[in-house]
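As stored in upload12.csv (CSV, C-alpha atoms (C1' of nucleotides)):
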chain,number,residue,atom,x,y,z
G,1,MET,CA,0.0,0.0,0.0
G,2,SER,CA,3.0,2.3,-0.2
G,3,PRO,CA,3.4,4.0,-3.5
G,4,ALA,CA,7.1,4.5,-3.3
G,5,GLN,CA,8.3,7.2,-5.6
G,6,PRO,CA,11.2,5.7,-7.5
G,7,SER,CA,12.4,8.9,-9.2
G,8,GLY,CA,13.6,10.8,-6.2
G,9,PRO,CA,16.0,13.7,-5.7
G,10,PRO,CA,19.1,12.6,-3.9
G,11,SER,CA,17.4,12.4,-0.5
G,12,GLY,CA,20.4,11.1,1.3
G,13,ALA,CA,19.1,9.7,4.6
G,14,ALA,CA,20.6,7.2,6.9
G,15,SER,CA,18.0,4.9,8.4
G,16,GLY,CA,15.4,2.7,6.6
G,17,THR,CA,14.8,2.9,2.9
G,18,PRO,CA,16.0,6.2,1.6
G,19,SER,CA,13.0,6.8,-0.5
G,20,ALA,CA,10.7,6.1,2.5
G,21,THR,CA,12.6,8.6,4.5
G,22,GLY,CA,12.2,11.1,1.8
G,23,ASP,CA,8.5,10.5,1.6
G,24,ARG,CA,8.2,10.9,5.3
G,25,ALA,CA,10.0,14.2,5.1
G,26,GLN,CA,7.7,15.4,2.3
G,27,GLY,CA,4.6,14.2,4.2
G,28,TRP,CA,5.9,15.9,7.3
G,29,ARG,CA,6.3,19.2,5.5
G,30,THR,CA,2.7,18.9,4.3
G,31,LEU,CA,1.4,18.1,7.7
G,32,ALA,CA,3.4,20.9,9.3
G,33,ALA,CA,2.1,23.5,6.8
G,34,LEU,CA,-1.5,22.2,7.4
G,35,HIS,CA,-1.0,22.4,11.1
G,36,ALA,CA,0.4,25.9,10.9
G,37,ARG,CA,-2.6,27.0,8.9
G,38,ILE,CA,-5.1,25.4,11.3
G,39,GLU,CA,-3.5,26.8,14.3
G,40,ASP,CA,-3.3,30.2,12.8
G,41,GLY,CA,-7.0,30.1,12.2
G,42,ILE,CA,-7.7,29.1,15.7
G,43,GLU,CA,-5.3,31.7,17.1
G,44,ARG,CA,-7.0,34.5,15.2
G,45,ALA,CA,-10.5,33.4,16.2
G,46,LEU,CA,-9.6,33.1,19.9
G,47,GLN,CA,-7.6,36.3,20.0
G,48,ARG,CA,-10.2,38.3,18.3
G,49,ARG,CA,-13.2,37.1,20.2
G,50,HIS,CA,-11.8,36.3,23.6
G,51,GLY,CA,-8.3,37.8,23.9
G,52,LEU,CA,-6.8,34.4,24.3
G,53,SER,CA,-3.8,32.8,22.6
G,54,VAL,CA,-3.9,29.1,21.7
G,55,ASN,CA,-1.6,28.3,24.6
G,56,GLU,CA,-3.6,30.4,27.0
G,57,PHE,CA,-6.8,28.6,26.0
G,58,CYS,CA,-5.0,25.3,26.2
G,59,VAL,CA,-4.0,26.0,29.8
G,60,LEU,CA,-7.6,26.8,30.7
G,61,HIS,CA,-8.7,23.6,28.9
G,62,HIS,CA,-6.5,21.5,31.1
G,63,LEU,CA,-7.5,23.2,34.2
G,64,ALA,CA,-11.2,23.5,33.5
G,65,GLY,CA,-11.7,19.8,32.8
G,66,PRO,CA,-13.5,17.8,35.5
G,67,ASP,CA,-10.4,15.9,36.5
G,68,GLY,CA,-7.6,18.3,35.7
G,69,ARG,CA,-8.2,21.2,38.0
G,70,HIS,CA,-5.0,20.7,39.9
G,71,ILE,CA,-1.9,20.7,37.8
G,72,ARG,CA,1.7,21.4,38.5
G,73,MET,CA,3.8,23.8,36.4
G,74,GLN,CA,6.0,21.0,35.2
G,75,GLN,CA,3.1,18.8,34.1
G,76,LEU,CA,1.7,21.8,32.3
G,77,ALA,CA,4.9,22.5,30.5
G,78,ASP,CA,5.0,18.9,29.4
G,79,LYS,CA,1.4,18.9,28.2
G,80,LEU,CA,1.9,22.1,26.2
G,81,VAL,CA,5.4,21.2,25.1
G,82,LEU,CA,6.8,24.5,26.4
G,83,SER,CA,9.9,25.4,28.3
G,84,GLN,CA,9.7,26.0,32.1
G,85,SER,CA,10.1,29.7,31.7
G,86,ALA,CA,7.4,30.1,29.1
G,87,THR,CA,5.1,28.1,31.3
G,88,THR,CA,5.9,30.4,34.3
G,89,ARG,CA,5.1,33.4,32.3
G,90,LEU,CA,2.0,31.9,30.6
G,91,VAL,CA,0.6,31.1,34.0
G,92,ALA,CA,1.6,34.5,35.4
G,93,ARG,CA,-0.3,36.2,32.6
G,94,LEU,CA,-3.5,34.2,33.3
G,95,GLU,CA,-3.1,34.7,37.0
G,96,LYS,CA,-2.9,38.5,36.5
G,97,ARG,CA,-6.1,38.3,34.6
G,98,GLY,CA,-7.8,36.4,37.3
G,99,LEU,CA,-8.4,33.3,35.3
G,100,LEU,CA,-6.4,31.0,37.5
G,101,THR,CA,-4.6,30.9,40.9
G,102,ARG,CA,-1.3,29.5,42.1
G,103,VAL,CA,-1.6,27.2,45.0
G,104,LEU,CA,1.5,26.1,46.9
G,105,SER,CA,1.9,22.4,47.4
G,106,GLU,CA,2.0,21.3,51.0
G,107,GLU,CA,3.7,18.0,50.5
G,108,ASP,CA,6.5,19.3,48.2
G,109,ARG,CA,7.1,22.9,49.0
G,110,ARG,CA,8.8,23.4,45.7
G,111,GLY,CA,5.6,22.5,43.8
G,112,ILE,CA,3.0,25.0,42.7
G,113,TYR,CA,-0.4,24.0,41.4
G,114,ALA,CA,-2.4,26.0,39.0
G,115,GLU,CA,-6.1,26.0,39.5
G,116,ALA,CA,-8.8,27.6,37.4
G,117,THR,CA,-10.9,30.3,39.0
G,118,PRO,CA,-14.7,30.4,38.4
G,119,GLU,CA,-13.9,33.3,36.0
G,120,GLY,CA,-11.4,31.1,34.3
G,121,ARG,CA,-13.9,28.3,33.8
G,122,LYS,CA,-16.4,30.8,32.5
G,123,VAL,CA,-13.9,32.2,29.9
G,124,HIS,CA,-13.0,28.7,28.9
G,125,ASP,CA,-16.6,27.6,28.4
G,126,GLU,CA,-17.2,30.7,26.3
G,127,ALA,CA,-14.1,30.2,24.2
G,128,ALA,CA,-14.4,26.4,23.6
G,129,PRO,CA,-17.1,26.8,21.0
G,130,THR,CA,-15.0,29.4,19.2
G,131,HIS,CA,-12.1,27.0,19.3
G,132,ASN,CA,-14.1,24.0,18.0
G,133,ALA,CA,-15.8,26.0,15.3
G,134,ALA,CA,-12.5,27.4,14.1
G,135,LEU,CA,-11.1,23.9,14.0
G,136,ASP,CA,-14.1,22.5,12.1
G,137,ASP,CA,-13.8,25.3,9.6
G,138,ALA,CA,-10.2,24.8,9.1
G,139,LEU,CA,-10.6,21.0,8.7
G,140,ALA,CA,-13.5,21.5,6.3
G,141,GLU,CA,-11.3,23.9,4.3
G,142,ALA,CA,-8.5,21.3,4.4
G,143,SER,CA,-10.8,18.6,3.2
G,144,ARG,CA,-11.4,20.5,0.0
G,145,LEU,CA,-8.1,18.9,-1.0
G,146,PRO,CA,-9.3,15.3,-1.3
G,147,GLU,CA,-5.9,13.9,-0.5
G,148,LEU,CA,-6.2,15.4,3.0
G,149,THR,CA,-9.5,13.8,4.0
G,150,PRO,CA,-7.8,10.6,5.3
G,151,LEU,CA,-5.8,12.7,7.6
G,152,VAL,CA,-8.9,14.5,8.8
G,153,GLU,CA,-10.6,11.2,9.4
G,154,ALA,CA,-7.5,9.9,11.2
G,155,LEU,CA,-7.9,12.8,13.6
G,156,GLU,CA,-11.1,11.4,15.0
G,157,GLY,CA,-9.4,8.1,15.6
G,158,LEU,CA,-6.9,9.9,17.8
G,159,ALA,CA,-9.6,11.1,20.1
G,160,ASN,CA,-8.8,8.6,22.9
G,161,LEU,CA,-5.2,9.4,23.2
G,162,LYS,CA,-3.5,12.1,25.3
G,163,VAL,CA,0.1,12.3,24.5
K,164,MET,CA,-13.8,7.4,27.9
K,165,SER,CA,-13.6,11.0,26.8
K,166,PRO,CA,-13.5,13.9,29.1
K,167,ALA,CA,-15.2,16.1,26.6
K,168,GLN,CA,-17.6,18.8,27.3
K,169,PRO,CA,-19.2,17.7,30.5
K,170,SER,CA,-22.6,19.2,30.5
K,171,GLY,CA,-23.3,20.0,26.9
K,172,PRO,CA,-22.9,23.6,26.1
K,173,PRO,CA,-24.2,23.7,22.6
K,174,SER,CA,-20.7,23.6,21.2
K,175,GLY,CA,-21.6,26.0,18.5
K,176,ALA,CA,-20.0,24.2,15.5
K,177,ALA,CA,-22.0,24.1,12.4
K,178,SER,CA,-21.2,20.8,10.8
K,179,GLY,CA,-21.6,17.3,12.1
K,180,THR,CA,-22.8,16.0,15.4
K,181,PRO,CA,-21.6,17.8,18.5
K,182,SER,CA,-19.8,14.7,19.8
K,183,ALA,CA,-17.9,14.4,16.5
K,184,THR,CA,-16.8,17.9,17.0
K,185,GLY,CA,-15.6,17.1,20.5
K,186,ASP,CA,-13.7,14.1,19.2
K,187,ARG,CA,-12.1,16.2,16.5
K,188,ALA,CA,-11.0,18.7,19.1
K,189,GLN,CA,-9.5,16.0,21.3
K,190,GLY,CA,-7.8,14.5,18.2
K,191,TRP,CA,-6.5,17.9,17.2
K,192,ARG,CA,-5.0,18.4,20.6
K,193,THR,CA,-3.2,15.1,20.4
K,194,LEU,CA,-2.0,15.9,16.9
K,195,ALA,CA,-0.8,19.4,18.0
K,196,ALA,CA,1.1,18.0,20.9
K,197,LEU,CA,2.7,15.4,18.7
K,198,HIS,CA,3.6,18.0,16.1
K,199,ALA,CA,5.1,20.2,18.8
K,200,ARG,CA,7.2,17.4,20.1
K,201,ILE,CA,8.5,16.4,16.7
K,202,GLU,CA,9.2,19.9,15.6
K,203,ASP,CA,11.0,20.5,18.9
K,204,GLY,CA,13.2,17.6,18.2
K,205,ILE,CA,14.0,18.7,14.7
K,206,GLU,CA,14.7,22.2,15.9
K,207,ARG,CA,17.2,21.1,18.5
K,208,ALA,CA,19.0,18.8,16.1
K,209,LEU,CA,19.2,21.5,13.4
K,210,GLN,CA,20.2,24.2,15.9
K,211,ARG,CA,22.9,22.2,17.6
K,212,ARG,CA,24.5,20.8,14.6
K,213,HIS,CA,24.0,23.4,11.9
K,214,GLY,CA,22.9,26.6,13.7
K,215,LEU,CA,19.7,26.6,11.8
K,216,SER,CA,16.1,27.0,12.9
K,217,VAL,CA,13.4,24.9,11.3
K,218,ASN,CA,12.1,27.9,9.4
K,219,GLU,CA,15.6,28.8,8.2
K,220,PHE,CA,16.1,25.2,7.0
K,221,CYS,CA,12.7,25.3,5.4
K,222,VAL,CA,13.7,28.4,3.4
K,223,LEU,CA,16.8,26.7,2.2
K,224,HIS,CA,14.8,23.6,1.3
K,225,HIS,CA,12.5,25.5,-0.9
K,226,LEU,CA,15.4,27.4,-2.5
K,227,ALA,CA,17.8,24.5,-2.9
K,228,GLY,CA,15.3,22.2,-4.7
K,229,PRO,CA,15.9,21.6,-8.4
K,230,ASP,CA,12.8,23.6,-9.4
K,231,GLY,CA,12.4,26.2,-6.6
K,232,ARG,CA,15.5,28.2,-6.8
K,233,HIS,CA,13.7,31.5,-7.6
K,234,ILE,CA,11.0,32.4,-5.1
K,235,ARG,CA,9.3,35.7,-4.2
K,236,MET,CA,9.0,36.8,-0.7
K,237,GLN,CA,5.3,36.6,-0.8
K,238,GLN,CA,5.3,33.0,-2.0
K,239,LEU,CA,7.8,32.1,0.7
K,240,ALA,CA,5.6,33.7,3.3
K,241,ASP,CA,2.7,31.6,2.0
K,242,LYS,CA,4.7,28.3,2.0
K,243,LEU,CA,6.0,28.8,5.5
K,244,VAL,CA,2.8,30.3,6.8
K,245,LEU,CA,4.6,33.3,8.1
K,246,SER,CA,3.8,37.0,8.1
K,247,GLN,CA,5.4,39.3,5.6
K,248,SER,CA,7.6,40.9,8.3
K,249,ALA,CA,8.8,37.6,9.7
K,250,THR,CA,9.7,36.5,6.1
K,251,THR,CA,11.6,39.7,5.5
K,252,ARG,CA,13.7,39.2,8.6
K,253,LEU,CA,14.1,35.5,8.1
K,254,VAL,CA,15.5,36.1,4.6
K,255,ALA,CA,17.6,39.0,5.9
K,256,ARG,CA,19.2,36.7,8.4
K,257,LEU,CA,20.0,34.1,5.9
K,258,GLU,CA,21.3,36.8,3.5
K,259,LYS,CA,23.6,38.2,6.2
K,260,ARG,CA,25.0,34.7,6.6
K,261,GLY,CA,25.6,34.4,2.9
K,262,LEU,CA,23.2,31.5,2.4
K,263,LEU,CA,21.0,33.3,-0.1
K,264,THR,CA,20.9,36.5,-2.1
K,265,ARG,CA,18.1,38.9,-2.9
K,266,VAL,CA,17.5,39.6,-6.5
K,267,LEU,CA,15.3,42.4,-7.7
K,268,SER,CA,12.7,41.4,-10.2
K,269,GLU,CA,12.9,43.2,-13.5
K,270,GLU,CA,9.3,42.7,-14.7
K,271,ASP,CA,7.7,43.8,-11.4
K,272,ARG,CA,10.1,46.1,-9.7
K,273,ARG,CA,8.3,45.6,-6.4
K,274,GLY,CA,9.2,42.0,-6.4
K,275,ILE,CA,12.2,40.5,-4.8
K,276,TYR,CA,13.4,36.9,-5.4
K,277,ALA,CA,15.4,34.9,-3.0
K,278,GLU,CA,18.0,32.6,-4.4
K,279,ALA,CA,20.3,30.1,-2.7
K,280,THR,CA,24.0,30.7,-2.9
K,281,PRO,CA,26.3,27.7,-3.4
K,282,GLU,CA,27.1,28.0,0.2
K,283,GLY,CA,23.4,27.9,1.0
K,284,ARG,CA,23.0,24.7,-1.0
K,285,LYS,CA,25.9,23.2,0.7
K,286,VAL,CA,24.5,24.0,4.2
K,287,HIS,CA,21.1,22.6,3.1
K,288,ASP,CA,22.6,19.4,1.8
K,289,GLU,CA,24.5,19.0,5.0
K,290,ALA,CA,21.5,19.7,7.2
K,291,ALA,CA,18.9,17.7,5.3
K,292,PRO,CA,20.2,14.3,6.7
K,293,THR,CA,20.0,15.7,10.2
K,294,HIS,CA,16.5,16.9,9.6
K,295,ASN,CA,15.4,13.6,8.2
K,296,ALA,CA,17.1,11.6,10.9
K,297,ALA,CA,15.5,13.7,13.6
K,298,LEU,CA,12.2,13.2,12.0
K,299,ASP,CA,12.6,9.5,11.7
K,300,ASP,CA,13.6,9.3,15.3
K,301,ALA,CA,10.7,11.3,16.4
K,302,LEU,CA,8.3,9.3,14.4
K,303,ALA,CA,9.8,6.0,15.7
K,304,GLU,CA,9.4,7.4,19.2
K,305,ALA,CA,5.8,8.3,18.5
K,306,SER,CA,5.0,4.9,17.1
K,307,ARG,CA,5.8,3.4,20.4
K,308,LEU,CA,2.3,4.5,21.2
K,309,PRO,CA,0.5,2.0,18.9
K,310,GLU,CA,-2.5,4.3,18.5
K,311,LEU,CA,-0.3,6.7,16.7
K,312,THR,CA,1.0,4.4,14.0
K,313,PRO,CA,-1.9,5.0,11.6
K,314,LEU,CA,-1.0,8.6,11.8
K,315,VAL,CA,2.6,7.9,11.0
K,316,GLU,CA,1.6,5.8,8.1
K,317,ALA,CA,-0.8,8.4,6.9
K,318,LEU,CA,2.2,10.7,6.7
K,319,GLU,CA,3.7,8.8,3.9
K,320,GLY,CA,0.4,9.0,2.0
K,321,LEU,CA,0.8,12.8,2.1
K,322,ALA,CA,4.0,12.7,0.2
K,323,ASN,CA,2.6,13.8,-3.1
K,324,LEU,CA,0.9,16.9,-1.8
K,325,LYS,CA,2.3,20.3,-1.4
K,326,VAL,CA,-0.2,22.5,0.4
V,327,DG,C1',23.4,16.1,61.0
V,328,DT,C1',25.9,17.8,57.2
V,329,DT,C1',26.9,17.6,52.3
V,330,DC,C1',26.0,17.0,47.5
V,331,DA,C1',23.2,15.9,43.4
V,332,DT,C1',18.5,16.5,41.6
V,333,DT,C1',14.2,18.5,41.0
V,334,DT,C1',11.0,22.7,40.7
V,335,DA,C1',10.0,27.2,39.7
V,336,DT,C1',11.5,32.1,38.6
V,337,DT,C1',14.3,35.9,36.3
V,338,DG,C1',17.7,38.3,32.9
V,339,DC,C1',18.6,38.4,28.4
V,340,DA,C1',18.4,37.9,23.5
V,341,DG,C1',16.0,36.1,19.4
V,342,DA,C1',12.0,35.6,16.6
V,343,DA,C1',7.2,36.6,15.4
V,344,DG,C1',2.9,39.5,14.5
V,345,DC,C1',0.5,44.0,14.0
V,346,DA,C1',0.4,48.5,12.4
V,347,DT,C1',2.5,51.7,9.6
V,348,DG,C1',5.5,53.6,5.8
V,349,DT,C1',7.4,53.7,1.1
V,350,DA,C1',7.8,52.3,-3.6
V,351,DT,C1',5.7,50.3,-7.6
V,352,DT,C1',2.0,48.7,-10.3
V,353,DT,C1',-2.9,48.6,-11.8
V,354,DG,C1',-7.4,50.2,-13.0
V,355,DC,C1',-10.5,53.7,-14.2
V,356,DA,C1',-12.1,58.1,-15.6
W,357,DT,C1',-2.8,61.8,-18.6
W,358,DG,C1',-4.0,61.8,-13.8
W,359,DC,C1',-5.3,59.9,-9.6
W,360,DA,C1',-7.2,56.4,-6.3
W,361,DA,C1',-6.6,51.6,-4.9
W,362,DA,C1',-4.0,47.6,-4.6
W,363,DT,C1',0.4,45.0,-4.1
W,364,DA,C1',5.2,44.0,-2.4
W,365,DC,C1',8.6,44.7,1.0
W,366,DA,C1',10.6,47.0,5.0
W,367,DT,C1',10.7,49.0,9.7
W,368,DG,C1',9.1,50.3,14.7
W,369,DC,C1',7.2,48.5,18.5
W,370,DT,C1',5.3,44.9,21.5
W,371,DT,C1',4.7,40.1,22.9
W,372,DC,C1',6.1,35.5,23.5
W,373,DT,C1',9.7,32.0,23.7
W,374,DG,C1',14.1,29.5,24.9
W,375,DC,C1',18.6,29.4,27.2
W,376,DA,C1',21.5,30.1,31.0
W,377,DA,C1',21.9,31.3,35.6
W,378,DT,C1',19.7,31.4,40.2
W,379,DA,C1',17.2,30.2,44.6
W,380,DA,C1',14.6,27.0,47.3
W,381,DA,C1',13.4,22.4,48.6
W,382,DT,C1',13.9,17.4,48.5
W,383,DG,C1',16.5,13.0,48.9
W,384,DA,C1',20.4,10.1,49.4
W,385,DA,C1',25.1,9.2,51.2
W,386,DC,C1',27.9,9.4,54.7

When written as structure tokens, how does the structure in this file appear?
Amino acid sequence: MSPAQPSGPPSGAASGTPSATGDRAQGWRTLAALHARIEDGIERALQRRHGLSVNEFCVLHHLAGPDGRHIRMQQLADKLVLSQSATTRLVARLEKRGLLTRVLSEEDRRGIYAEATPEGRKVHDEAAPTHNAALDDALAEASRLPELTPLVEALEGLANLKV
Amino acid sequence: MSPAQPSGPPSGAASGTPSATGDRAQGWRTLAALHARIEDGIERALQRRHGLSVNEFCVLHHLAGPDGRHIRMQQLADKLVLSQSATTRLVARLEKRGLLTRVLSEEDRRGIYAEATPEGRKVHDEAAPTHNAALDDALAEASRLPELTPLVEALEGLANLKV
DNA sequence: GTTCATTTATTGCAGAAGCATGTATTTGCA
DNA sequence: TGCAAATACATGCTTCTGCAATAAATGAAC
């Protein structure tokens, strides 16, 4: 099921079949461009209508969920794939806006938990439909290229995972 | 199963059932996290071994290809999903390092073409294996979660597209 | 009980990106 | 021709990010 492209540029890779590696790189670039476009659309929608960046919304999403209302900075950094410092400042911004609070851990006094405030939950619940609508729009737009539809469908198969 | 929207706010998406929208959002978050992790890995590898960011490498990739050695700023911005100003500075950085040159268009004197220098092609050819190896590593790492393998396979199916 | 390596979070600094704006050039229309 | 609108880049300013250095707390070795 793999249409290996025989006539390839000198994609000199090391591991696996060279052509497969080249194909993966090309597919990756396509995926990365698609991802950037979708995220850009979501970013603009959230920014314009709620004054939130994608990362800010993502923090609220993790904190506003029924089971995730108590998350350490480090875990947050891991979930968002951000550096420690970026996470510190991201949380500080949201705290300054009153959307979350920092709670000192009592077992490990180095640890700091982020918790959503009621206001933070409210903002999240308002912004979530915007986020989902922007995502659906972007995916629908992407599906106009029929080669992308399998990717869009694969997305729903990922629903159960949380990397 | 899924910690989606607890008590259904009418997730105001237009298309499809609400639960499908929720699944898409969850899948999107998984994909976004995976994307961030892979890009982070590639970024570090390129930065450490060649002093290039992903975007800088990407510019060289588009310029060093056999057919793409003559690209306008605007096209470049579109391919990279970057703003005009970011593209201006990205190209300026690479020009300062001698990896590309700006060429004024003669038909449309507003236009500026970016072209790779021999040095730029050399750097690209050296960096490409690093890029591909880092990608393969990241994908192999991702495949350790068996639920992600279909996504990785889908990647190779995208090889023919160029968004 | 003291000492040292590790983990957690914050801060100074520099790099990179976007928005708004400015300048030059082209295009369209009267 | 003459002039308004659009297009293509560049620049000023602000925001967000990562890296390196720092401080506080924990845990293990002795």

| task | Please identify every residue of chain K that has at least one atom no more than 10 Å from any atom of chain W, counting all atoms listed in the file, and report them as a PyMOL selection string. | result | chain K and resi 235-237+247-248+250-252+271-275

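Overlaying the C-alpha atoms of chain K on those of chain G by least squares yields an RMSD of 2.8 Å.
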
| said: One decimal, in Å: what's the spacing between atom CA of Gln189 of chain K and atom CA of Gly157 of chain G? | reply: 9.7 Å

| said: If the cut-off is 9 Å, can you tell me the residues of chain V near chain G, counting only C-alpha atoms (C1' of nucleotides)? I'd like them as a list in words. | reply: DT333, DT334, DA335, DT336 and DT337 of chain V

| said: Neighbouring residues of segment 120-136 of chain G were defined as those with any atom within 7 Å, considering all atoms listed in the file; residues of the same chain fewer than 3 positions away were excluded. Please report them as number ranges by chain. | reply: G: 38, 41-42, 45-46, 50, 57, 60-61, 64, 99-100, 116-117, 139-140; K: 174-176, 184, 188

| Option closest in space to chain K, from G:Ala114, G:Gly65, G:Glu95, G:Arg48 [counting all atoms listed in the file] |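 The shortest atom-to-atom distance to chain K comes from G:Gly65.
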
| request: One decimal, Å: what's the distance from atom CA of Ile71 of chain G over to atom CA of Tyr113 of chain G, could you say? | output: 5.1 Å

| task | Point out the residue among K:Val244, K:Val217, K:Leu257, K:Ala301 with the least atom-to-atom distance to chain G, counting all atoms listed in the file. | result | K:Val244

| task | Please indicate the distance in Å from atom CA of Gln210 of chain K to atom C1' of DC339 of chain V, rounded to one decimal place. | result |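 Atom C1' of DC339 of chain V lies at a distance of 19.0 Å from atom CA of Gln210 of chain K.
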
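Between chain G and the candidates K:Arg265, K:Arg207, K:Arg232, K:Arg200, the tightest atom-to-atom separation, counting only C-alpha atoms, involves K:Arg200.
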
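Nearest-residue note for DT351 of chain V: choosing from K:Glu269, K:Leu308, K:Glu202, K:Val222, the minimum distance belongs to K:Glu269, counting all atoms listed in the file.
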
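The nearest approach to chain K among the residues G:Asp78, G:Glu156, G:Glu119, G:Glu43, with all atoms listed in the file taken into account, belongs to G:Glu156.
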
For segment 54-68 of chain G, which lacks atoms in the input, supply N, CA and C atoms and format the output as an mmCIF file, keeping the file's coordinate frame.
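Full text of selection.cif as output:
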data_model
loop_
_atom_site.group_PDB
_atom_site.id
_atom_site.type_symbol
_atom_site.label_atom_id
_atom_site.label_comp_id
_atom_site.auth_asym_id
_atom_site.auth_seq_id
_atom_site.Cartn_x
_atom_site.Cartn_y
_atom_site.Cartn_z
ATOM 1 N N VAL G 54 -3.683 30.588 21.709
ATOM 2 C CA VAL G 54 -3.900 29.100 21.700
ATOM 3 C C VAL G 54 -3.396 28.529 23.015
ATOM 4 N N ASN G 55 -2.179 28.924 23.394
ATOM 5 C CA ASN G 55 -1.600 28.300 24.600
ATOM 6 C C ASN G 55 -2.389 28.722 25.836
ATOM 7 N N GLU G 56 -2.836 29.950 25.869
ATOM 8 C CA GLU G 56 -3.600 30.400 27.000
ATOM 9 C C GLU G 56 -4.920 29.552 27.104
ATOM 10 N N PHE G 57 -5.557 29.385 25.960
ATOM 11 C CA PHE G 57 -6.800 28.600 26.000
ATOM 12 C C PHE G 57 -6.466 27.155 26.396
ATOM 13 N N CYS G 58 -5.355 26.639 25.938
ATOM 14 C CA CYS G 58 -5.000 25.300 26.200
ATOM 15 C C CYS G 58 -4.792 25.072 27.745
ATOM 16 N N VAL G 59 -4.176 26.044 28.386
ATOM 17 C CA VAL G 59 -4.000 26.000 29.800
ATOM 18 C C VAL G 59 -5.399 25.879 30.488
ATOM 19 N N LEU G 60 -6.277 26.768 30.085
ATOM 20 C CA LEU G 60 -7.600 26.800 30.700
ATOM 21 C C LEU G 60 -8.298 25.425 30.420
ATOM 22 N N HIS G 61 -8.099 24.879 29.221
ATOM 23 C CA HIS G 61 -8.700 23.600 28.900
ATOM 24 C C HIS G 61 -8.272 22.523 29.895
ATOM 25 N N HIS G 62 -6.987 22.488 30.166
ATOM 26 C CA HIS G 62 -6.500 21.500 31.100
ATOM 27 C C HIS G 62 -6.951 21.698 32.498
ATOM 28 N N LEU G 63 -7.093 22.953 32.855
ATOM 29 C CA LEU G 63 -7.500 23.200 34.200
ATOM 30 C C LEU G 63 -9.007 23.152 34.415
ATOM 31 N N ALA G 64 -9.751 23.390 33.362
ATOM 32 C CA ALA G 64 -11.200 23.500 33.500
ATOM 33 C C ALA G 64 -11.861 22.100 33.393
ATOM 34 N N GLY G 65 -11.126 21.114 32.924
ATOM 35 C CA GLY G 65 -11.700 19.800 32.800
ATOM 36 C C GLY G 65 -12.099 19.250 34.184
ATOM 37 N N PRO G 66 -13.002 18.262 34.208
ATOM 38 C CA PRO G 66 -13.500 17.800 35.500
ATOM 39 C C PRO G 66 -12.425 17.109 36.340
ATOM 40 N N ASP G 67 -11.379 16.589 35.691
ATOM 41 C CA ASP G 67 -10.400 15.900 36.500
ATOM 42 C C ASP G 67 -9.047 16.578 36.530
ATOM 43 N N GLY G 68 -8.926 17.682 35.858
ATOM 44 C CA GLY G 68 -7.600 18.300 35.700
ATOM 45 C C GLY G 68 -7.464 19.616 36.375
#
